[in-house]
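S.K.: Here you go, this is start.tsv (TSV, C-alpha atoms).
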```
chain	number	residue	atom	x	y	z
A	29	MET	CA	137.93	54.26	115.09
A	30	HIS	CA	140.45	53.93	112.27
A	31	GLU	CA	141.18	57.67	112.34
A	32	LEU	CA	143.77	56.87	115.02
A	33	THR	CA	145.42	54.44	112.58
A	34	ILE	CA	145.40	57.19	109.96
A	35	ALA	CA	146.77	59.74	112.43
A	36	SER	CA	149.53	57.30	113.46
A	37	ALA	CA	150.37	56.51	109.82
A	38	LEU	CA	150.59	60.26	109.17
A	39	VAL	CA	152.85	60.88	112.18
A	40	ASP	CA	155.14	57.95	111.20
A	41	GLN	CA	155.36	59.21	107.65
A	42	VAL	CA	156.13	62.79	108.73
A	43	CYS	CA	158.76	61.63	111.28
A	44	ASP	CA	160.48	59.57	108.54
A	45	HIS	CA	160.67	62.60	106.25
A	46	ALA	CA	161.84	64.87	109.07
A	47	ALA	CA	164.58	62.44	110.16
A	48	ARG	CA	165.83	62.07	106.58
A	49	ALA	CA	165.95	65.87	106.26
A	50	GLY	CA	167.94	66.08	109.51
A	51	ALA	CA	165.25	67.94	111.46
A	52	GLU	CA	164.38	67.20	115.07
A	53	ARG	CA	161.12	69.10	115.18
A	54	VAL	CA	158.21	69.51	112.80
A	55	THR	CA	156.34	72.81	113.16
A	56	GLU	CA	153.56	72.36	110.62
A	57	ILE	CA	151.92	69.49	108.73
A	58	ARG	CA	149.73	70.15	105.69
A	59	VAL	CA	147.36	67.42	104.54
A	60	ARG	CA	144.64	67.16	101.92
A	61	MET	CA	141.53	65.15	102.84
A	62	GLY	CA	138.71	64.39	100.42
A	63	ALA	CA	135.06	64.60	101.46
A	64	LEU	CA	134.78	60.81	101.07
A	65	SER	CA	137.70	60.11	103.43
A	66	GLY	CA	135.28	61.06	106.21
A	67	VAL	CA	137.97	61.56	108.81
A	68	ALA	CA	139.03	65.21	108.47
A	69	ARG	CA	137.50	66.39	111.73
A	70	ALA	CA	138.32	63.14	113.52
A	71	LEU	CA	141.94	63.57	112.45
A	72	TYR	CA	142.20	66.92	114.29
A	73	PHE	CA	140.94	65.10	117.37
A	74	CYS	CA	143.28	62.07	117.13
A	75	PHE	CA	146.39	63.87	115.97
A	76	PRO	CA	147.67	65.06	119.39
A	77	ALA	CA	147.44	61.52	120.80
A	78	ALA	CA	149.32	60.06	117.84
A	79	ALA	CA	151.95	62.83	117.88
A	80	ARG	CA	152.72	62.74	121.62
A	81	GLY	CA	156.39	62.05	122.29
A	82	THR	CA	157.39	62.36	118.62
A	83	ALA	CA	159.00	65.08	116.50
A	84	CYS	CA	155.44	66.11	115.55
A	85	ALA	CA	154.33	66.78	119.15
A	86	ASP	CA	154.22	70.57	118.74
A	87	ALA	CA	153.27	70.64	115.07
A	88	VAL	CA	150.23	72.52	113.80
A	89	LEU	CA	148.01	70.32	111.65
A	90	ARG	CA	146.45	72.09	108.66
A	91	ILE	CA	143.80	70.16	106.74
A	92	GLU	CA	142.66	71.24	103.30
A	93	GLU	CA	139.26	69.62	102.65
A	94	VAL	CA	138.65	68.63	99.04
A	95	PRO	CA	134.99	68.61	97.89
A	96	LEU	CA	133.42	65.68	96.05
A	97	THR	CA	133.19	66.08	92.28
A	98	VAL	CA	132.10	63.43	89.77
A	99	MET	CA	132.10	63.10	86.00
A	100	CYS	CA	128.66	62.83	84.42
A	101	THR	CA	129.15	61.04	81.09
A	102	THR	CA	125.58	61.92	80.00
A	103	CYS	CA	126.03	65.69	80.46
A	104	ASP	CA	129.76	65.35	79.64
A	105	ALA	CA	130.55	67.70	82.52
A	106	VAL	CA	132.04	67.77	86.01
A	107	LYS	CA	129.28	67.84	88.66
A	108	THR	CA	128.97	68.15	92.43
A	109	PRO	CA	126.53	65.55	93.83
A	110	ALA	CA	123.78	66.75	96.16
A	111	ALA	CA	125.10	64.60	99.03
A	112	ARG	CA	128.31	62.88	99.98
A	113	TYR	CA	127.19	59.42	98.85
A	114	ASN	CA	124.61	60.28	96.22
A	115	PHE	CA	126.43	59.28	93.05
A	116	ARG	CA	123.81	60.69	90.69
A	117	CYS	CA	124.10	63.72	88.48
A	118	PRO	CA	122.19	66.58	90.20
A	119	ASP	CA	120.97	67.73	86.75
A	120	CYS	CA	120.10	64.64	84.68
A	121	GLY	CA	119.74	62.10	87.53
A	122	ARG	CA	121.92	59.42	85.85
A	123	PRO	CA	124.44	57.42	87.94
A	124	THR	CA	127.87	59.02	88.11
A	125	PRO	CA	130.23	56.49	89.69
A	126	LYS	CA	133.35	58.16	88.30
A	127	VAL	CA	134.76	60.17	91.21
A	128	LEU	CA	137.17	62.94	90.16
A	129	THR	CA	137.99	64.47	93.54
A	130	GLY	CA	137.00	63.64	97.11
A	131	ARG	CA	138.90	60.41	97.78
A	132	GLU	CA	142.19	62.19	98.68
A	133	MET	CA	144.06	61.41	101.87
A	134	GLN	CA	147.48	62.93	101.24
A	135	LEU	CA	150.39	64.42	103.07
A	136	VAL	CA	151.14	67.60	101.10
A	137	ALA	CA	154.05	69.30	102.89
A	138	ILE	CA	155.76	69.69	106.24
A	139	GLU	CA	157.55	72.59	107.82
A	140	LEU	CA	160.72	71.62	109.63
A	141	ASP	CA	162.64	73.34	112.37
A	142	LYS	CA	166.25	72.55	111.57
A	143	PRO	CA	168.63	72.37	114.54
A	144	ARG	CA	171.10	75.21	115.06
A	145	PRO	CA	174.40	74.43	113.45
A	146	GLN	CA	177.23	74.35	116.04
A	147	ALA	CA	179.90	77.03	115.92
A	148	GLY	CA	182.35	74.62	114.25
A	149	THR	CA	180.00	73.82	111.41
A	150	ARG	CA	179.71	77.35	110.24
A	151	GLN	CA	182.52	76.87	107.74
A	152	ILE	CA	180.51	74.12	106.04
A	153	ASN	CA	177.56	76.46	105.64
A	154	THR	CA	179.75	79.11	104.08
A	155	GLU	CA	181.16	76.63	101.60
A	156	ALA	CA	177.69	75.44	100.71
A	157	MET	CA	176.49	78.92	99.77
A	158	PRO	CA	177.36	80.02	96.27
A	159	GLY	CA	178.35	83.67	96.10
A	160	SER	CA	179.18	83.92	99.78
A	161	PRO	CA	182.02	86.28	100.70
A	162	THR	CA	185.44	84.63	100.63
K	28	MET	CA	169.00	92.26	107.76
K	29	CYS	CA	167.58	88.80	107.93
K	30	GLY	CA	163.96	88.78	106.72
K	31	VAL	CA	163.04	85.75	108.80
K	32	CYS	CA	164.20	86.66	112.30
K	33	GLY	CA	165.23	90.27	111.90
K	34	CYS	CA	168.81	89.84	113.11
K	35	SER	CA	171.76	91.58	111.44
K	36	ASP	CA	174.20	88.68	111.72
K	37	HIS	CA	173.57	87.29	108.28
K	38	HIS	CA	176.30	86.74	105.70
K	39	PHE	CA	174.97	84.25	103.23
K	40	GLY	CA	172.73	86.23	100.92
K	41	GLU	CA	169.12	85.71	99.86
K	42	GLY	CA	167.56	82.26	100.30
K	43	ALA	CA	170.32	81.06	102.57
K	44	HIS	CA	168.29	80.95	105.74
K	45	THR	CA	168.72	77.18	106.26
K	46	GLY	CA	172.36	77.80	107.22
K	47	HIS	CA	171.46	80.42	109.76
K	48	THR	CA	172.87	80.11	113.25
K	49	HIS	CA	169.42	80.72	114.82
K	50	GLY	CA	167.96	77.54	113.31
K	51	ALA	CA	165.33	77.92	110.61
K	52	ALA	CA	162.07	76.74	109.19
K	53	GLU	CA	162.15	74.74	106.00
K	54	LEU	CA	159.12	73.72	103.97
K	55	LEU	CA	159.37	70.25	102.50
K	56	HIS	CA	156.88	69.33	99.75
K	57	ILE	CA	155.92	65.67	99.90
K	58	GLU	CA	152.62	64.89	98.07
K	59	GLN	CA	152.22	61.30	99.24
K	60	ASP	CA	149.17	59.23	100.24
K	61	ILE	CA	148.86	58.91	104.01
K	62	LEU	CA	148.15	55.19	103.70
K	63	ALA	CA	151.05	54.76	101.25
K	64	LYS	CA	152.71	52.23	103.55
K	65	ASN	CA	149.58	50.07	103.79
K	66	ASP	CA	149.10	50.37	100.02
K	67	ARG	CA	152.69	49.26	99.44
K	68	TYR	CA	152.14	46.13	101.55
K	69	ALA	CA	148.79	45.57	99.80
K	70	GLY	CA	150.55	45.80	96.42
K	71	GLU	CA	153.05	43.16	97.53
K	72	ASN	CA	150.23	40.88	98.74
K	73	ARG	CA	148.39	41.35	95.43
K	74	ARG	CA	151.50	40.42	93.42
K	75	LEU	CA	152.14	37.37	95.59
K	76	LEU	CA	148.52	36.18	95.30
K	77	LYS	CA	148.49	36.74	91.54
K	78	ARG	CA	151.73	34.84	91.08
K	79	ALA	CA	150.33	31.99	93.17
K	80	GLY	CA	147.11	32.01	91.11
K	81	VAL	CA	144.95	32.75	94.18
K	82	PHE	CA	141.65	34.64	93.91
K	83	ALA	CA	141.30	36.55	97.21
K	84	LEU	CA	138.12	38.12	98.57
K	85	ASN	CA	137.93	40.46	101.58
K	86	LEU	CA	134.64	39.89	103.43
K	87	VAL	CA	133.36	42.91	105.37
K	88	SER	CA	130.27	43.10	107.57
K	89	SER	CA	129.09	43.95	111.06
K	90	PRO	CA	129.52	41.34	113.81
K	91	GLY	CA	126.85	38.65	113.67
K	92	SER	CA	125.92	38.95	109.99
K	93	GLY	CA	126.66	35.26	109.51
K	94	LYS	CA	130.04	35.50	107.77
K	95	THR	CA	131.56	32.41	109.38
K	96	THR	CA	128.45	30.25	108.89
K	97	LEU	CA	128.33	31.34	105.25
K	98	LEU	CA	132.02	30.48	104.89
K	99	VAL	CA	131.58	27.01	106.40
K	100	LYS	CA	128.70	26.25	103.98
K	101	THR	CA	130.62	27.78	101.07
K	102	ILE	CA	133.67	25.61	101.79
K	103	GLU	CA	131.48	22.49	101.88
K	104	ALA	CA	129.94	23.42	98.52
K	105	LEU	CA	133.24	24.38	96.88
K	106	LYS	CA	135.46	21.63	98.23
K	107	SER	CA	135.13	19.34	95.20
K	108	THR	CA	135.52	22.23	92.71
K	109	LEU	CA	138.17	24.60	94.06
K	110	PRO	CA	140.73	24.52	96.88
K	111	VAL	CA	139.97	27.10	99.59
K	112	ALA	CA	141.99	28.78	102.35
K	113	VAL	CA	140.76	31.22	105.00
K	114	LEU	CA	142.28	34.07	107.00
K	115	GLU	CA	140.17	34.98	110.02
K	116	GLY	CA	140.37	38.46	111.54
K	117	ASP	CA	138.97	39.09	115.02
K	118	GLN	CA	139.96	41.25	117.96
K	119	GLU	CA	140.23	38.22	120.23
K	120	THR	CA	139.93	34.40	120.26
K	121	SER	CA	140.56	31.79	117.59
K	122	LEU	CA	136.97	30.49	117.65
K	123	ASP	CA	136.35	31.32	113.99
K	124	ALA	CA	139.57	29.71	112.75
K	125	GLU	CA	138.64	26.59	114.74
K	126	ARG	CA	135.20	26.48	113.08
K	127	ILE	CA	136.81	26.84	109.65
K	128	GLY	CA	139.60	24.40	110.58
K	129	ALA	CA	136.95	21.76	111.35
K	130	THR	CA	136.00	21.76	107.64
K	131	GLY	CA	139.53	20.58	106.79
K	132	VAL	CA	140.73	23.62	104.81
K	133	PRO	CA	143.84	25.59	105.84
K	134	SER	CA	142.92	28.53	108.06
K	135	LEU	CA	144.77	31.03	110.19
K	136	GLN	CA	143.52	33.42	112.86
K	137	ILE	CA	144.77	36.99	113.07
K	138	ASN	CA	143.96	38.73	116.36
K	139	THR	CA	144.02	42.49	116.00
K	140	GLY	CA	143.87	43.18	119.75
K	141	ARG	CA	142.60	46.75	120.04
K	142	GLY	CA	142.65	47.18	116.26
K	143	CYS	CA	139.32	47.52	114.49
K	144	HIS	CA	140.37	46.23	111.07
K	145	LEU	CA	142.92	44.06	109.30
K	146	ASP	CA	145.72	45.87	107.50
K	147	ALA	CA	147.89	44.74	104.61
K	148	HIS	CA	150.95	44.23	106.82
K	149	MET	CA	149.14	41.73	109.09
K	150	VAL	CA	147.79	39.87	106.07
K	151	GLY	CA	151.23	39.78	104.41
K	152	HIS	CA	152.73	38.03	107.44
K	153	ALA	CA	149.78	35.64	107.71
K	154	LEU	CA	150.25	34.68	104.04
K	155	GLU	CA	153.80	33.54	104.86
K	156	SER	CA	152.45	30.70	107.00
K	157	LEU	CA	149.27	29.82	105.10
K	158	PRO	CA	149.71	27.08	102.48
K	159	LEU	CA	148.32	28.45	99.19
K	160	LYS	CA	147.36	26.19	96.30
K	161	ARG	CA	147.28	27.22	92.63
K	162	GLN	CA	143.85	28.08	91.20
K	163	SER	CA	142.34	28.46	94.66
K	164	ILE	CA	140.17	30.92	96.53
K	165	LEU	CA	141.35	32.76	99.65
K	166	PHE	CA	138.67	34.25	101.88
K	167	VAL	CA	139.84	36.97	104.24
K	168	GLU	CA	137.16	37.37	106.90
K	169	ASN	CA	137.73	40.88	108.21
K	170	VAL	CA	137.00	42.05	111.76
K	171	GLY	CA	133.23	42.42	112.25
K	172	ASN	CA	132.91	46.16	111.66
K	173	LEU	CA	131.07	47.93	108.86
K	174	VAL	CA	133.21	51.08	109.07
K	175	CYS	CA	136.99	50.73	109.24
K	176	PRO	CA	137.77	47.65	107.10
K	177	ALA	CA	136.38	49.53	104.06
K	178	GLY	CA	139.33	51.93	104.08
K	179	PHE	CA	142.16	49.40	104.02
K	180	ASP	CA	143.31	47.60	100.89
K	181	LEU	CA	144.67	44.16	101.84
K	182	GLY	CA	145.73	43.17	98.32
K	183	GLU	CA	142.46	41.35	97.60
K	184	ALA	CA	140.84	40.98	94.18
K	185	GLY	CA	137.65	42.46	95.62
K	186	LYS	CA	135.61	43.24	98.71
K	187	VAL	CA	132.28	41.60	99.46
K	188	ALA	CA	129.88	43.29	101.90
K	189	ILE	CA	127.59	40.94	103.82
K	190	LEU	CA	124.41	42.38	105.32
K	191	SER	CA	121.94	40.22	107.23
K	192	VAL	CA	118.27	41.11	106.95
K	193	THR	CA	118.00	41.48	110.73
K	194	GLU	CA	120.26	44.56	110.56
K	195	GLY	CA	117.81	46.78	108.66
K	196	ASP	CA	117.55	47.88	105.02
K	197	ASP	CA	118.97	51.37	105.71
K	198	LYS	CA	122.50	50.12	106.49
K	199	PRO	CA	123.99	50.95	103.05
K	200	LEU	CA	123.02	54.60	103.67
K	201	LYS	CA	124.28	54.62	107.26
K	202	TYR	CA	127.59	52.87	106.50
K	203	PRO	CA	128.20	53.87	102.88
K	204	ASP	CA	131.97	53.27	102.77
K	205	ALA	CA	131.68	49.48	103.03
K	206	PHE	CA	129.16	49.36	100.17
K	207	ALA	CA	131.04	51.88	98.04
K	208	ALA	CA	134.21	49.78	98.29
K	209	SER	CA	132.57	46.39	97.55
K	210	ARG	CA	131.93	44.69	94.24
K	211	LEU	CA	129.21	42.43	95.68
K	212	MET	CA	126.59	42.82	98.43
K	213	ILE	CA	125.24	39.61	99.94
K	214	LEU	CA	121.92	39.85	101.77
K	215	SER	CA	122.15	36.99	104.25
K	216	LYS	CA	119.66	35.20	106.52
K	217	ILE	CA	116.81	35.69	104.01
K	218	ASP	CA	114.96	32.81	105.73
K	219	LEU	CA	114.18	35.43	108.43
K	220	LEU	CA	112.54	37.90	105.99
K	221	PRO	CA	108.96	36.96	107.02
K	222	HIS	CA	109.81	37.97	110.61
K	223	VAL	CA	111.51	41.33	110.07
K	224	ASP	CA	110.67	44.67	108.44
K	225	PHE	CA	113.35	44.51	105.78
K	226	ASP	CA	112.51	45.81	102.31
K	227	VAL	CA	114.90	44.04	99.91
K	228	GLY	CA	114.12	46.40	97.01
K	229	ARG	CA	114.71	49.48	99.13
K	230	CYS	CA	117.99	48.09	100.47
K	231	ILE	CA	119.26	47.34	96.94
K	232	GLY	CA	118.17	50.85	95.86
K	233	HIS	CA	120.19	52.38	98.71
K	234	ALA	CA	123.26	50.26	97.86
K	235	ARG	CA	123.09	51.18	94.15
K	236	ALA	CA	122.70	54.91	94.96
K	237	ILE	CA	126.10	54.61	96.65
K	238	ASN	CA	127.66	52.15	94.23
K	239	PRO	CA	125.77	51.81	90.91
K	240	ASP	CA	127.96	48.87	89.86
K	241	ILE	CA	127.50	46.69	92.96
K	242	ALA	CA	126.21	43.15	92.28
K	243	VAL	CA	123.65	41.74	94.74
K	244	LEU	CA	122.94	38.18	95.88
K	245	GLN	CA	120.34	37.04	98.41
K	246	LEU	CA	120.87	33.83	100.34
K	247	SER	CA	120.37	31.83	103.48
K	248	ALA	CA	123.32	29.69	104.55
K	249	LYS	CA	120.93	27.88	106.90
K	250	THR	CA	118.33	26.73	104.35
K	251	GLY	CA	120.68	26.75	101.35
K	252	ASP	CA	118.45	29.19	99.43
K	253	GLY	CA	120.51	31.22	96.96
K	254	MET	CA	123.75	29.36	97.74
K	255	GLU	CA	124.00	28.02	94.19
K	256	ALA	CA	124.09	31.53	92.70
K	257	TRP	CA	126.81	32.52	95.19
K	258	ILE	CA	128.93	29.46	94.32
K	259	ASP	CA	128.47	30.21	90.59
K	260	TRP	CA	129.50	33.84	91.20
K	261	LEU	CA	132.65	32.64	93.02
K	262	VAL	CA	133.65	30.07	90.41
K	263	ASN	CA	133.03	32.50	87.52
K	264	SER	CA	134.87	35.39	89.20
K	265	ALA	CA	137.83	33.17	90.07
K	266	SER	CA	138.08	31.76	86.56
K	267	ARG	CA	137.74	35.24	85.02
K	268	ALA	CA	140.56	36.43	87.27
K	269	SER	CA	142.79	33.49	86.36
K	270	ARG	CA	142.09	34.02	82.62
K	271	GLY	CA	143.08	37.65	83.15
K	272	GLN	CA	146.32	36.47	84.75
K	273	LEU	CA	147.02	34.14	81.81
K	274	VAL	CA	146.49	37.01	79.37
K	275	GLU	CA	148.81	39.19	81.45
K	276	ALA	CA	151.41	36.40	81.69
K	277	SER	CA	151.40	35.75	77.94
K	278	ALA	CA	151.62	39.50	77.29
K	279	CYS	CA	154.73	39.55	79.52
K	280	MET	CA	156.23	36.57	77.65
K	281	SER	CA	155.73	38.08	74.19
```
Can you give me the file's structure in the form of structure tokens?
M.R.:
Amino acid sequence: MHELTIASALVDQVCDHAARAGAERVTEIRVRMGALSGVARALYFCFPAAARGTACADAVLRIEEVPLTVMCTTCDAVKTPAARYNFRCPDCGRPTPKVLTGREMQLVAIELDKPRPQAGTRQINTEAMPGSPT
Amino acid sequence: MCGVCGCSDHHFGEGAHTGHTHGAAELLHIEQDILAKNDRYAGENRRLLKRAGVFALNLVSSPGSGKTTLLVKTIEALKSTLPVAVLEGDQETSLDAERIGATGVPSLQINTGRGCHLDAHMVGHALESLPLKRQSILFVENVGNLVCPAGFDLGEAGKVAILSVTEGDDKPLKYPDAFAASRLMILSKIDLLPHVDFDVGRCIGHARAINPDIAVLQLSAKTGDGMEAWIDWLVNSASRASRGQLVEASACMS
């Protein structure tokens, strides 16, 4: 149920960044979701509803899923548990509560479609470019 | 020729595509938590509660686990020892806040409407109108839901998962997030154990497979069994937290 909250939080956050960058449209959103976040697939489903009517409406959502890894202090090594919520070392069987990766829920990057500069603004662009012909 | 759109009308050299008259794509690197806004509000709540010397617990469980009954009994037992305040989260009605209000402690109802959990923003506003006493305990009774409340930090000192024995001993495996996020699991309604197939040992084993550090208490708010251990846990945790605050405060002063 809360994946819609997460989708809406994501859309709000992306729209803020896009507005600050002066873009009207976002074409791509890249996020990183850990295995423990449990909402990666649900986010694909909820995203269009959350994005409707916003600058993200036509954006492609790309989710990078991060696997669960834990630190086993007995083996002194990074391990991958046998199941999502089995915090035991697959080799020595001791509890491994220290999660290294898998809790991520991050906005990584967005691709913006900047509006066309009007004819009159072209001068500004030229001034902004070092090494442009004078 | 422009490498992005292939046109020849391009005067600004390499890497200058953002100034292009056709409009252009720009990649903006952000690297920010999606719930950063909630976490920011939660951080503010945590600072406010710390400053006020309030030990706050976020109670999560499914509907009908006996949270409100446990709270009423807890308030009665704590009243002479520690001041208590309660925030009640439900989709609708103020029935719970009325039950808590009848005990005489300050309480406030938050209705989430269609929302399935409390968030830090709602709690922050509720804290503005709830009178908080120094060296007190604040219970935040989350919306009855064993899934979503686990993912939202409200600024509490810790989460407590409440599981009644009528729900089945496999719940920690089926709803792992709530038990992974909690520092204590309370098995409630243990007076009903003779009537249900609930294996306490198996349930604790499941909870510890998910969260090896989780503490466990068993109680019945109805008969009073195990209530003493729960009250001791509360008083000790609150005083440990306030000692921690004193150490922090004196470290800031020096």
S.K.: One decimal, in Å: what's the spacing between CA of Ala111 (chain A) and CA of Asp66 (chain K)?
M.R.: 27.9 Å
S.K.: Name the residues in contact with Pro109 (chain A) at a cut-off of 10 Å, using all atoms listed in the file, excluding same-chain residues fewer than 3 positions from it; report them as a PDB file with C-alpha atoms, in the frame of the given file.
M.R.:
```
ATOM      1  CA  PRO A  95     134.990  68.610  97.890  1.00  0.00           C
ATOM      2  CA  LEU A  96     133.420  65.680  96.050  1.00  0.00           C
ATOM      3  CA  THR A  97     133.190  66.080  92.280  1.00  0.00           C
ATOM      4  CA  VAL A  98     132.100  63.430  89.770  1.00  0.00           C
ATOM      5  CA  MET A  99     132.100  63.100  86.000  1.00  0.00           C
ATOM      6  CA  VAL A 106     132.040  67.770  86.010  1.00  0.00           C
ATOM      7  CA  ARG A 112     128.310  62.880  99.980  1.00  0.00           C
ATOM      8  CA  TYR A 113     127.190  59.420  98.850  1.00  0.00           C
ATOM      9  CA  ASN A 114     124.610  60.280  96.220  1.00  0.00           C
ATOM     10  CA  PHE A 115     126.430  59.280  93.050  1.00  0.00           C
ATOM     11  CA  ARG A 116     123.810  60.690  90.690  1.00  0.00           C
ATOM     12  CA  CYS A 117     124.100  63.720  88.480  1.00  0.00           C
ATOM     13  CA  PRO A 118     122.190  66.580  90.200  1.00  0.00           C
ATOM     14  CA  ASP A 119     120.970  67.730  86.750  1.00  0.00           C
ATOM     15  CA  GLY A 121     119.740  62.100  87.530  1.00  0.00           C
ATOM     16  CA  THR A 124     127.870  59.020  88.110  1.00  0.00           C
TER      17      THR A 124
END
```
S.K.: Looking at A:Leu32, A:Ala78, A:Val59, A:Ala37, which one is nearest to Gln134 (chain A), with distances taken over all atoms listed in the file?
M.R.: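 The shortest atom-to-atom distance to Gln134 (chain A) comes from A:Val59.
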S.K.: Please report the interatomic distance between CA of Val167 (chain K) and CA of Leu64 (chain A) in Å with one decimal.
M.R.: 24.6 Å
S.K.: Output the contact residues of chain A with respect to chain K at a cut-off of 6 Å, based on only C-alpha atoms, as a ChimeraX atom specification.
M.R.: /A:30,38,113-115,133-145,153,160
S.K.: Kindly give the distance, in Å, that separates CA of Gln136 (chain K) and CA of Leu76 (chain K), rounded to a single decimal.
M.R.: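 Calculated distance between CA of Gln136 (chain K) and CA of Leu76 (chain K) is 18.5 Å.
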S.K.: Rank K:Ala208, K:Ala248, K:Leu97, K:Val81 by their smallest atom-to-atom distance to Ser264 (chain K), using all atoms listed in the file, and report the top residue only.
M.R.: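 Of the candidates, the smallest distance to Ser264 (chain K) is held by K:Val81.
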